[in-house]
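Q: Here's a structure for you.
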Amino acid sequence: MILAFVDHVDGAPTILSLEVLTMARRLAQEMAAPLDAVVIGPKGGSAAGIFTSYGVRALHVADDGRLAEYAPAAWAQSLVELVGREHPELVIGTASDRGAEVMAHLAARMALPLAANCTEVMPGDPFTVTRQRWGGSLLEEARVKGAVKLLTLAPHALTAEASPSRTDVATRQWTPRLEDKAFRVRIIPQVEADTGKISLAQARVVVGGGRGVGSAEGFASLEELAQHLGGAVGCSRAVTSLGWRPHSDQVGQTGTRIAPDLYIACGISGAIQHMVGCRAAKHILAINTDPAAPIVQQADYAVIGDVQKVLRAVNTQIRKVRGR
Amino acid sequence: MNVLTCIKRVPATAGHIALTPDGQEIDTRYLGFTISPHEECAVEEAVRLIEKHGGTTTVLTLGPEAATDQLRDAMALGIERAILLETDGREWDPAATAAAIVEAIQAERAAGRTYDIVMFGNESADSAGYQVGVRVSEALDLPCVTAIKALDVAGGTVNVRRQTESGWETAEVALPAVLAVKEGINLPRYPSLPGRLKAKKKEIERIKPEWRDGGLEKVRLKLPVQAAHSVEVLGKNGDVSAELVQLFRRLSLL
């Protein structure tokens with residue numbers, strides 16, 4: 001049996017979890033094994049309908065009032081119990097903060113290896129996987145051993161796809177035996193006022209600035225262009241390190257991954273760690289003095305020139321065509 | 001309060017990655033090395049905690065002799081003591097790495113040195129296993145939080161904040177604990193010259209753990225396939241504002 005560990009928000013599987021179910025269904029077909037899914041928490045069974053389109057045979061729901069809150073060790077211990085009872089050959093989860101954390105606890109508790117951020121999986125003993133390093137700029141082919149193979153799936157390694165055929169999903173609730181100690185860490189969502197700012201991750205246009213912007217003040221021209229285009233301002237790690245912009249603006253491997261229609265990269269050289277963060281952009285426009293900069297090579301459109309001069313001219317032009 | 005920070009030496013990559021002919025490693029002939037970004041912030045956070053609350057700081061890494069450079073970088077930022085778990089350059093998988101760190105922490109405990117916080121980066125920049133901190137916490141029976149973007153110690157507990165797609169989440173955890181932090185938790189300081197000079201003279205304690213099979217084995221590295229790609233240069237050193245406005249219109253942004 002293959003077990004998909006499904007993360008959910010009030011019972012609705014996250015998009016990354018649907019990707020996990022899609023991969024798990026493919027592997028189940030390849031291995032001629034049934035596919036089960038597991039959700040943790042009392043609300044877990046409320047979206048059982050979704051699982052019928054993913055070839056799931058049984059949905060296991062760990063039901064304990066204390067599991068309504070996210071407690072990584074308790075969630076992992078629930079999986080340990082289920083794995084011990086159902087003996088899956090493979091457990092696959094998301095590579096989200098939660099998925100990665102719970103799967104790591106599971107691996108530690110079962111003394112098994114765990115391969116994180118896999119993009120391809122070849123069953124066998126051992127399994128052979130392709131996994132991401134350097135945020136996906138580099139791939140590793142690796143062998144995963146162990147009586148139960150444990151994997152997390154890299155985000156967007158494939159597209160979530162519901163199956164045209166439907167299965168009858170048996171919902172099996174159980175109450176795992178959990179000591180109080182498993183709840184030493186309980187993670188509580190914090191409700192905060194909406195600032196009304198367009199978030200970097202969701203923006204249709206991102207105007208990103210690198211060292212070539214020249215100074216913290218130099219970002220004013222990027223702010224103006226972002227405002228004209230209804231977008232958000234981002235930056236490179238060099239800029240964050242210089243203290244010009246807050247880390248929340250940083251695009252890249254250790255910052256935010258963006259997926260806008262247009263990414264305007266201003267004075268950014270295009271280090272691999274930065275490109276990892278913006279490669280999901282539909283179009284990239286690079287503005288750079290150096291025609292040989294890596295970002296120019298990877299962009300769809302390029303303007304070779306000084307960032308401030310180019311932006312000043314285009315901002316003026318936009319104001320003019322808009323009659324302001 | 002005593003804080004142990006675990007770091008990793010990684011290549012300082014720039015515009016592209018090249019591999020060695022056998023596909024086993026990144027070709028680092030023309031690259032420098034650095035502390036992995038999340039761990040750079042872990043070092044800074046440890047130093048700040050001790051500046052605020054008093055106590056001791058120790059940095060530890062598992063890596064080759066050359067990783068003493070990164071231990072000294074950490075000491076230049078204000079960490080007092082350094083431990084190298086020296087390897088022969090072979091790759092250690094996450095389970096094996098965690099086991100060696102656990103043994104080192106147990107040896108510290110036997111020598112009368114206990115830690116209130118064992119700090120990690122959330123994941124290393126290069127191999128990105130997302131698990132060493134969690135494994136260490138489980139082996140030592142300590143609570144663990146990963147993906148931390150802010151932390152505050154008060155009395156015997158630590159309050160941590162994590163960022164989600166839609167906002168923030170928090171946890172309050174009793175110490176001792178294992179904490180894995182993400183870049184953005186702070187802005188690491190630059191080392192001072194006196195700090196660098198002091199770090200250069202410091203003793204580094206060494207342990208040689210035995211390599212073990214953790215069950216995850218690297219076969220080879222490969223570069224992702226790049227689709228053929230061409231760039232349209234809209235202009236060079238002239239006024240291209242009309243072309244840009246046209247582009248924005250074509251993409252329905254204006």
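Every chain in the structure tokens takes a letter, A first, then B, and so on in the order presented; its residues are numbered from 1, and the ligands are numbered from 1 following the presented order.
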Which chain A residues have any atom within 7 Å of an atom of chain B, and for each, what is the nearest pair of atoms with distance in Å to one decimal, counting only C-alpha atoms, rows sorted by chain and number, as JSON lines?
A:
```
{"residue": "A:Asp97", "atom": "CA", "partner": "B:Ala147", "partner_atom": "CA", "distance": 6.6}
{"residue": "A:Ala100", "atom": "CA", "partner": "B:Tyr130", "partner_atom": "CA", "distance": 6.4}
{"residue": "A:Glu101", "atom": "CA", "partner": "B:Thr146", "partner_atom": "CA", "distance": 7.0}
{"residue": "A:Ala104", "atom": "CA", "partner": "B:Gln131", "partner_atom": "CA", "distance": 5.1}
{"residue": "A:His105", "atom": "CA", "partner": "B:Val134", "partner_atom": "CA", "distance": 6.1}
{"residue": "A:Ala108", "atom": "CA", "partner": "B:Arg135", "partner_atom": "CA", "distance": 5.1}
{"residue": "A:Pro113", "atom": "CA", "partner": "B:Gly215", "partner_atom": "CA", "distance": 5.3}
{"residue": "A:Ala115", "atom": "CA", "partner": "B:Gly129", "partner_atom": "CA", "distance": 7.0}
{"residue": "A:Ala116", "atom": "CA", "partner": "B:Gly129", "partner_atom": "CA", "distance": 5.6}
{"residue": "A:Arg133", "atom": "CA", "partner": "B:Ser127", "partner_atom": "CA", "distance": 5.2}
{"residue": "A:Trp134", "atom": "CA", "partner": "B:Asp126", "partner_atom": "CA", "distance": 5.0}
{"residue": "A:Ser137", "atom": "CA", "partner": "B:Pro224", "partner_atom": "CA", "distance": 6.8}
{"residue": "A:Leu138", "atom": "CA", "partner": "B:Leu223", "partner_atom": "CA", "distance": 5.1}
{"residue": "A:Leu139", "atom": "CA", "partner": "B:Lys222", "partner_atom": "CA", "distance": 5.1}
{"residue": "A:Glu140", "atom": "CA", "partner": "B:Leu221", "partner_atom": "CA", "distance": 4.4}
{"residue": "A:Glu141", "atom": "CA", "partner": "B:Arg220", "partner_atom": "CA", "distance": 5.4}
{"residue": "A:Ala142", "atom": "CA", "partner": "B:Lys218", "partner_atom": "CA", "distance": 4.4}
{"residue": "A:Arg143", "atom": "CA", "partner": "B:Glu217", "partner_atom": "CA", "distance": 5.0}
{"residue": "A:Val144", "atom": "CA", "partner": "B:Leu216", "partner_atom": "CA", "distance": 4.9}
{"residue": "A:Lys145", "atom": "CA", "partner": "B:Gly215", "partner_atom": "CA", "distance": 5.1}
{"residue": "A:Gly146", "atom": "CA", "partner": "B:Gly215", "partner_atom": "CA", "distance": 6.8}
{"residue": "A:Arg184", "atom": "CA", "partner": "B:Pro143", "partner_atom": "CA", "distance": 6.2}
{"residue": "A:Val185", "atom": "CA", "partner": "B:Val173", "partner_atom": "CA", "distance": 6.0}
{"residue": "A:Arg186", "atom": "CA", "partner": "B:Ala171", "partner_atom": "CA", "distance": 5.9}
{"residue": "A:Ile187", "atom": "CA", "partner": "B:Ala171", "partner_atom": "CA", "distance": 4.8}
{"residue": "A:Ile188", "atom": "CA", "partner": "B:Thr170", "partner_atom": "CA", "distance": 5.2}
{"residue": "A:Pro189", "atom": "CA", "partner": "B:Glu169", "partner_atom": "CA", "distance": 4.1}
{"residue": "A:Gln190", "atom": "CA", "partner": "B:Glu169", "partner_atom": "CA", "distance": 5.0}
{"residue": "A:Glu192", "atom": "CA", "partner": "B:Gly167", "partner_atom": "CA", "distance": 6.9}
{"residue": "A:Leu229", "atom": "CA", "partner": "B:Leu253", "partner_atom": "CA", "distance": 5.7}
{"residue": "A:Ser241", "atom": "CA", "partner": "B:Leu187", "partner_atom": "CA", "distance": 6.7}
{"residue": "A:His247", "atom": "CA", "partner": "B:Gly184", "partner_atom": "CA", "distance": 5.1}
{"residue": "A:Thr254", "atom": "CA", "partner": "B:Glu183", "partner_atom": "CA", "distance": 6.3}
{"residue": "A:Gly270", "atom": "CA", "partner": "B:Gly15", "partner_atom": "CA", "distance": 6.1}
{"residue": "A:Ala271", "atom": "CA", "partner": "B:Gly15", "partner_atom": "CA", "distance": 4.3}
{"residue": "A:Ile272", "atom": "CA", "partner": "B:Gly15", "partner_atom": "CA", "distance": 5.4}
{"residue": "A:Pro294", "atom": "CA", "partner": "B:Gly15", "partner_atom": "CA", "distance": 5.8}
{"residue": "A:Gln297", "atom": "CA", "partner": "B:Val231", "partner_atom": "CA", "distance": 6.7}
{"residue": "A:Ala299", "atom": "CA", "partner": "B:Val231", "partner_atom": "CA", "distance": 5.9}
{"residue": "A:Asp300", "atom": "CA", "partner": "B:Val231", "partner_atom": "CA", "distance": 4.7}
{"residue": "A:Tyr301", "atom": "CA", "partner": "B:Glu232", "partner_atom": "CA", "distance": 4.7}
{"residue": "A:Ala302", "atom": "CA", "partner": "B:Val233", "partner_atom": "CA", "distance": 4.7}
{"residue": "A:Val303", "atom": "CA", "partner": "B:Gly235", "partner_atom": "CA", "distance": 5.1}
{"residue": "A:Ile304", "atom": "CA", "partner": "B:Lys236", "partner_atom": "CA", "distance": 4.6}
{"residue": "A:Gly305", "atom": "CA", "partner": "B:Asn237", "partner_atom": "CA", "distance": 4.8}
{"residue": "A:Ala313", "atom": "CA", "partner": "B:Ser241", "partner_atom": "CA", "distance": 5.7}
{"residue": "A:Val314", "atom": "CA", "partner": "B:Ser241", "partner_atom": "CA", "distance": 4.4}
{"residue": "A:Gln317", "atom": "CA", "partner": "B:Ser241", "partner_atom": "CA", "distance": 6.3}
{"residue": "A:Ile318", "atom": "CA", "partner": "B:Val245", "partner_atom": "CA", "distance": 6.9}
```
Q: Produce a file of the selected residues containing C-alpha atoms, as a short mmCIF file (atom, residue, chain, number, x, y, z; two decimals), in the first residue's frame.
A:
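The file below, selection-v1.cif, is the result:
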```cif
data_model
loop_
_atom_site.label_atom_id
_atom_site.label_comp_id
_atom_site.auth_asym_id
_atom_site.auth_seq_id
_atom_site.Cartn_x
_atom_site.Cartn_y
_atom_site.Cartn_z
CA ASP A 97 7.04 23.71 6.10
CA ALA A 100 8.78 18.60 5.70
CA GLU A 101 8.61 18.91 9.48
CA ALA A 104 11.26 14.47 9.38
CA HIS A 105 9.77 13.59 12.78
CA ALA A 108 13.47 10.07 13.06
CA PRO A 113 15.97 7.70 5.77
CA ALA A 115 14.43 12.00 0.77
CA ALA A 116 13.18 15.59 0.66
CA ARG A 133 19.40 20.70 -4.32
CA TRP A 134 20.09 24.42 -4.36
CA SER A 137 19.22 24.69 -9.62
CA LEU A 138 20.85 21.31 -9.21
CA LEU A 139 19.36 17.81 -9.14
CA GLU A 140 20.57 14.76 -7.28
CA GLU A 141 19.88 11.19 -8.21
CA ALA A 142 19.74 9.24 -4.95
CA ARG A 143 18.91 5.80 -3.59
CA VAL A 144 16.48 5.61 -0.69
CA LYS A 145 16.69 2.51 1.49
CA GLY A 146 14.56 1.31 4.38
CA ARG A 184 5.08 20.14 23.73
CA VAL A 185 5.05 22.14 20.49
CA ARG A 186 1.63 23.44 19.45
CA ILE A 187 1.57 25.92 16.61
CA ILE A 188 -1.19 28.50 16.77
CA PRO A 189 -2.27 30.63 13.79
CA GLN A 190 -2.20 34.33 14.46
CA GLU A 192 -3.49 39.77 11.76
CA LEU A 229 1.55 48.44 -13.13
CA SER A 241 22.25 42.15 3.17
CA HIS A 247 13.96 40.43 4.00
CA THR A 254 15.93 31.74 0.96
CA GLY A 270 20.96 36.71 -11.62
CA ALA A 271 22.74 34.40 -9.19
CA ILE A 272 21.27 30.88 -9.22
CA PRO A 294 23.32 35.82 -16.22
CA GLN A 297 20.83 35.51 -20.73
CA ALA A 299 15.37 36.90 -19.62
CA ASP A 300 12.75 37.16 -22.37
CA TYR A 301 13.32 40.89 -22.81
CA ALA A 302 16.33 42.99 -21.95
CA VAL A 303 17.20 46.64 -21.80
CA ILE A 304 20.92 47.35 -21.57
CA GLY A 305 21.39 50.53 -19.60
CA ALA A 313 12.18 57.65 -18.61
CA VAL A 314 9.55 54.91 -18.53
CA GLN A 317 6.28 58.11 -20.33
CA ILE A 318 3.59 56.19 -18.41
#
```
Q: List the spatial neighbours of Gln173 (chain A) as a PyMOL selection string - criterion: any atom at most 10 Å away, only C-alpha atoms, same-chain residues fewer than 3 positions off excluded.
A: chain A and resi 38-42+44-45+59-64+170+176
Q: As a PyMOL selection string, please: all residues of region 28-187 of chain B that backbone DSSP puts in alpha helix (DSSP H).
A: chain B and resi 37-53+68-76+94-110+132-139
Q: I'd like the neighbourhood of Ala220 (chain A) as a ChimeraX atom specification, where a residue qualifies if any of its atoms comes within 10 Å (using only C-alpha atoms), though same-chain residues fewer than 6 positions away should be ignored.
A: /A:213,226,233,308,311
Q: If you keep N, CA and C atoms, can you produce a file of those selected residues as a compact mmCIF listing (two decimals), in the first residue's frame?
A:
```
# COMPACT_ATOMS: atom_id res chain seq x y z
N VAL A 213 20.60 49.04 -8.38
CA VAL A 213 19.68 50.14 -8.11
C VAL A 213 20.45 51.31 -7.47
N ALA A 226 6.09 49.97 -10.01
CA ALA A 226 5.21 48.92 -9.46
C ALA A 226 3.80 49.46 -9.27
N VAL A 233 7.07 45.37 -5.13
CA VAL A 233 8.52 45.52 -5.26
C VAL A 233 9.21 44.36 -4.56
N GLN A 308 18.36 53.52 -13.18
CA GLN A 308 17.67 54.76 -12.82
C GLN A 308 17.26 55.56 -14.05
N LEU A 311 14.32 53.68 -15.78
CA LEU A 311 13.06 53.75 -15.02
C LEU A 311 12.50 55.17 -15.01
```
Q: From region 115-209 of chain A, collect each residue whose DSSP state is strand (DSSP E or B) and return the set as a ChimeraX atom specification.
A: /A:115-122,127-133,138-144,149-153,170-174,187-190,205-209
Q: Output N, CA and C atoms for every residue in that selection, as a tab-separated table (two decimals), in the first residue's frame.
A:
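Wrote out-v1.tsv, looks like this:
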```tsv
chain	number	residue	atom	x	y	z
A	115	ALA	N	13.95	11.21	1.91
A	115	ALA	CA	14.43	12.00	0.77
A	115	ALA	C	13.48	13.18	0.57
A	116	ALA	N	14.01	14.39	0.72
A	116	ALA	CA	13.18	15.59	0.66
A	116	ALA	C	13.19	16.19	-0.74
A	117	ASN	N	12.09	16.82	-1.12
A	117	ASN	CA	11.98	17.56	-2.37
A	117	ASN	C	12.28	16.71	-3.60
A	118	CYS	N	11.59	15.59	-3.71
A	118	CYS	CA	11.77	14.72	-4.87
A	118	CYS	C	10.97	15.27	-6.05
A	119	THR	N	11.53	15.09	-7.26
A	119	THR	CA	10.81	15.49	-8.46
A	119	THR	C	10.42	14.26	-9.28
A	120	GLU	N	11.19	13.20	-9.15
A	120	GLU	CA	10.88	11.95	-9.86
A	120	GLU	C	11.12	10.80	-8.91
A	121	VAL	N	10.32	9.73	-9.05
A	121	VAL	CA	10.43	8.58	-8.15
A	121	VAL	C	10.38	7.30	-8.97
A	122	MET	N	11.41	6.45	-8.82
A	122	MET	CA	11.40	5.15	-9.46
A	122	MET	C	11.34	4.09	-8.38
A	127	PHE	N	14.51	2.48	-3.64
A	127	PHE	CA	13.91	3.42	-4.58
A	127	PHE	C	15.03	4.27	-5.17
A	128	THR	N	14.87	4.68	-6.42
A	128	THR	CA	15.77	5.70	-6.97
A	128	THR	C	14.93	6.96	-7.18
A	129	VAL	N	15.41	8.07	-6.64
A	129	VAL	CA	14.65	9.31	-6.77
A	129	VAL	C	15.55	10.39	-7.38
A	130	THR	N	14.91	11.39	-7.96
A	130	THR	CA	15.60	12.62	-8.31
A	130	THR	C	15.10	13.66	-7.33
A	131	ARG	N	16.03	14.34	-6.68
A	131	ARG	CA	15.61	15.35	-5.70
A	131	ARG	C	16.33	16.66	-5.94
A	132	GLN	N	15.73	17.74	-5.43
A	132	GLN	CA	16.27	19.07	-5.68
A	132	GLN	C	17.35	19.43	-4.66
A	133	ARG	N	18.43	20.01	-5.16
A	133	ARG	CA	19.40	20.70	-4.32
A	133	ARG	C	19.42	22.15	-4.77
A	138	LEU	N	20.04	22.51	-9.05
A	138	LEU	CA	20.85	21.31	-9.21
A	138	LEU	C	19.98	20.13	-8.78
A	139	LEU	N	20.13	19.00	-9.49
A	139	LEU	CA	19.36	17.81	-9.14
A	139	LEU	C	20.30	16.71	-8.67
A	140	GLU	N	19.80	15.89	-7.78
A	140	GLU	CA	20.57	14.76	-7.28
A	140	GLU	C	19.79	13.48	-7.56
A	141	GLU	N	20.48	12.50	-8.13
A	141	GLU	CA	19.88	11.19	-8.21
A	141	GLU	C	20.33	10.45	-6.96
A	142	ALA	N	19.39	9.87	-6.23
A	142	ALA	CA	19.74	9.24	-4.95
A	142	ALA	C	18.99	7.94	-4.77
A	143	ARG	N	19.59	7.05	-3.96
A	143	ARG	CA	18.91	5.80	-3.59
A	143	ARG	C	18.36	5.96	-2.19
A	144	VAL	N	17.13	5.53	-2.00
A	144	VAL	CA	16.48	5.61	-0.69
A	144	VAL	C	16.24	4.18	-0.21
A	149	LYS	N	9.69	3.42	2.51
A	149	LYS	CA	10.37	4.55	1.88
A	149	LYS	C	9.63	5.83	2.24
A	150	LEU	N	10.38	6.84	2.64
A	150	LEU	CA	9.79	8.12	3.03
A	150	LEU	C	10.28	9.22	2.10
A	151	LEU	N	9.33	9.95	1.51
A	151	LEU	CA	9.67	11.00	0.55
A	151	LEU	C	8.81	12.23	0.78
A	152	THR	N	9.36	13.40	0.46
A	152	THR	CA	8.49	14.57	0.25
A	152	THR	C	8.63	14.97	-1.21
A	153	LEU	N	7.54	15.51	-1.75
A	153	LEU	CA	7.48	15.87	-3.17
A	153	LEU	C	7.74	17.37	-3.32
A	170	ALA	N	-13.31	4.63	1.46
A	170	ALA	CA	-13.75	4.24	2.80
A	170	ALA	C	-13.06	5.15	3.80
A	171	THR	N	-13.83	5.83	4.64
A	171	THR	CA	-13.22	6.69	5.66
A	171	THR	C	-13.03	5.88	6.94
A	172	ARG	N	-11.81	5.86	7.41
A	172	ARG	CA	-11.50	5.09	8.62
A	172	ARG	C	-10.94	6.03	9.69
A	173	GLN	N	-11.78	6.36	10.65
A	173	GLN	CA	-11.31	7.22	11.73
A	173	GLN	C	-10.67	6.38	12.81
A	174	TRP	N	-9.63	6.94	13.41
A	174	TRP	CA	-9.07	6.26	14.58
A	174	TRP	C	-8.51	7.30	15.53
A	187	ILE	N	1.39	24.72	17.44
A	187	ILE	CA	1.57	25.92	16.61
A	187	ILE	C	0.21	26.55	16.35
A	188	ILE	N	0.11	27.82	16.75
A	188	ILE	CA	-1.19	28.50	16.77
A	188	ILE	C	-1.20	29.59	15.69
A	189	PRO	N	-2.20	29.56	14.80
A	189	PRO	CA	-2.27	30.63	13.79
A	189	PRO	C	-2.58	31.97	14.43
A	190	GLN	N	-2.01	33.01	13.88
A	190	GLN	CA	-2.20	34.33	14.46
A	190	GLN	C	-3.00	35.16	13.46
A	205	VAL	N	2.67	41.53	-11.26
A	205	VAL	CA	3.92	42.13	-11.73
A	205	VAL	C	4.82	42.30	-10.50
A	206	VAL	N	6.08	41.94	-10.64
A	206	VAL	CA	7.04	42.23	-9.58
A	206	VAL	C	8.18	43.03	-10.18
A	207	VAL	N	8.48	44.17	-9.55
A	207	VAL	CA	9.63	44.98	-9.96
A	207	VAL	C	10.71	44.72	-8.92
A	208	GLY	N	11.74	43.97	-9.32
A	208	GLY	CA	12.79	43.58	-8.39
A	208	GLY	C	14.03	44.42	-8.59
A	209	GLY	N	14.70	44.74	-7.49
A	209	GLY	CA	15.91	45.53	-7.58
A	209	GLY	C	17.10	44.82	-6.97
```
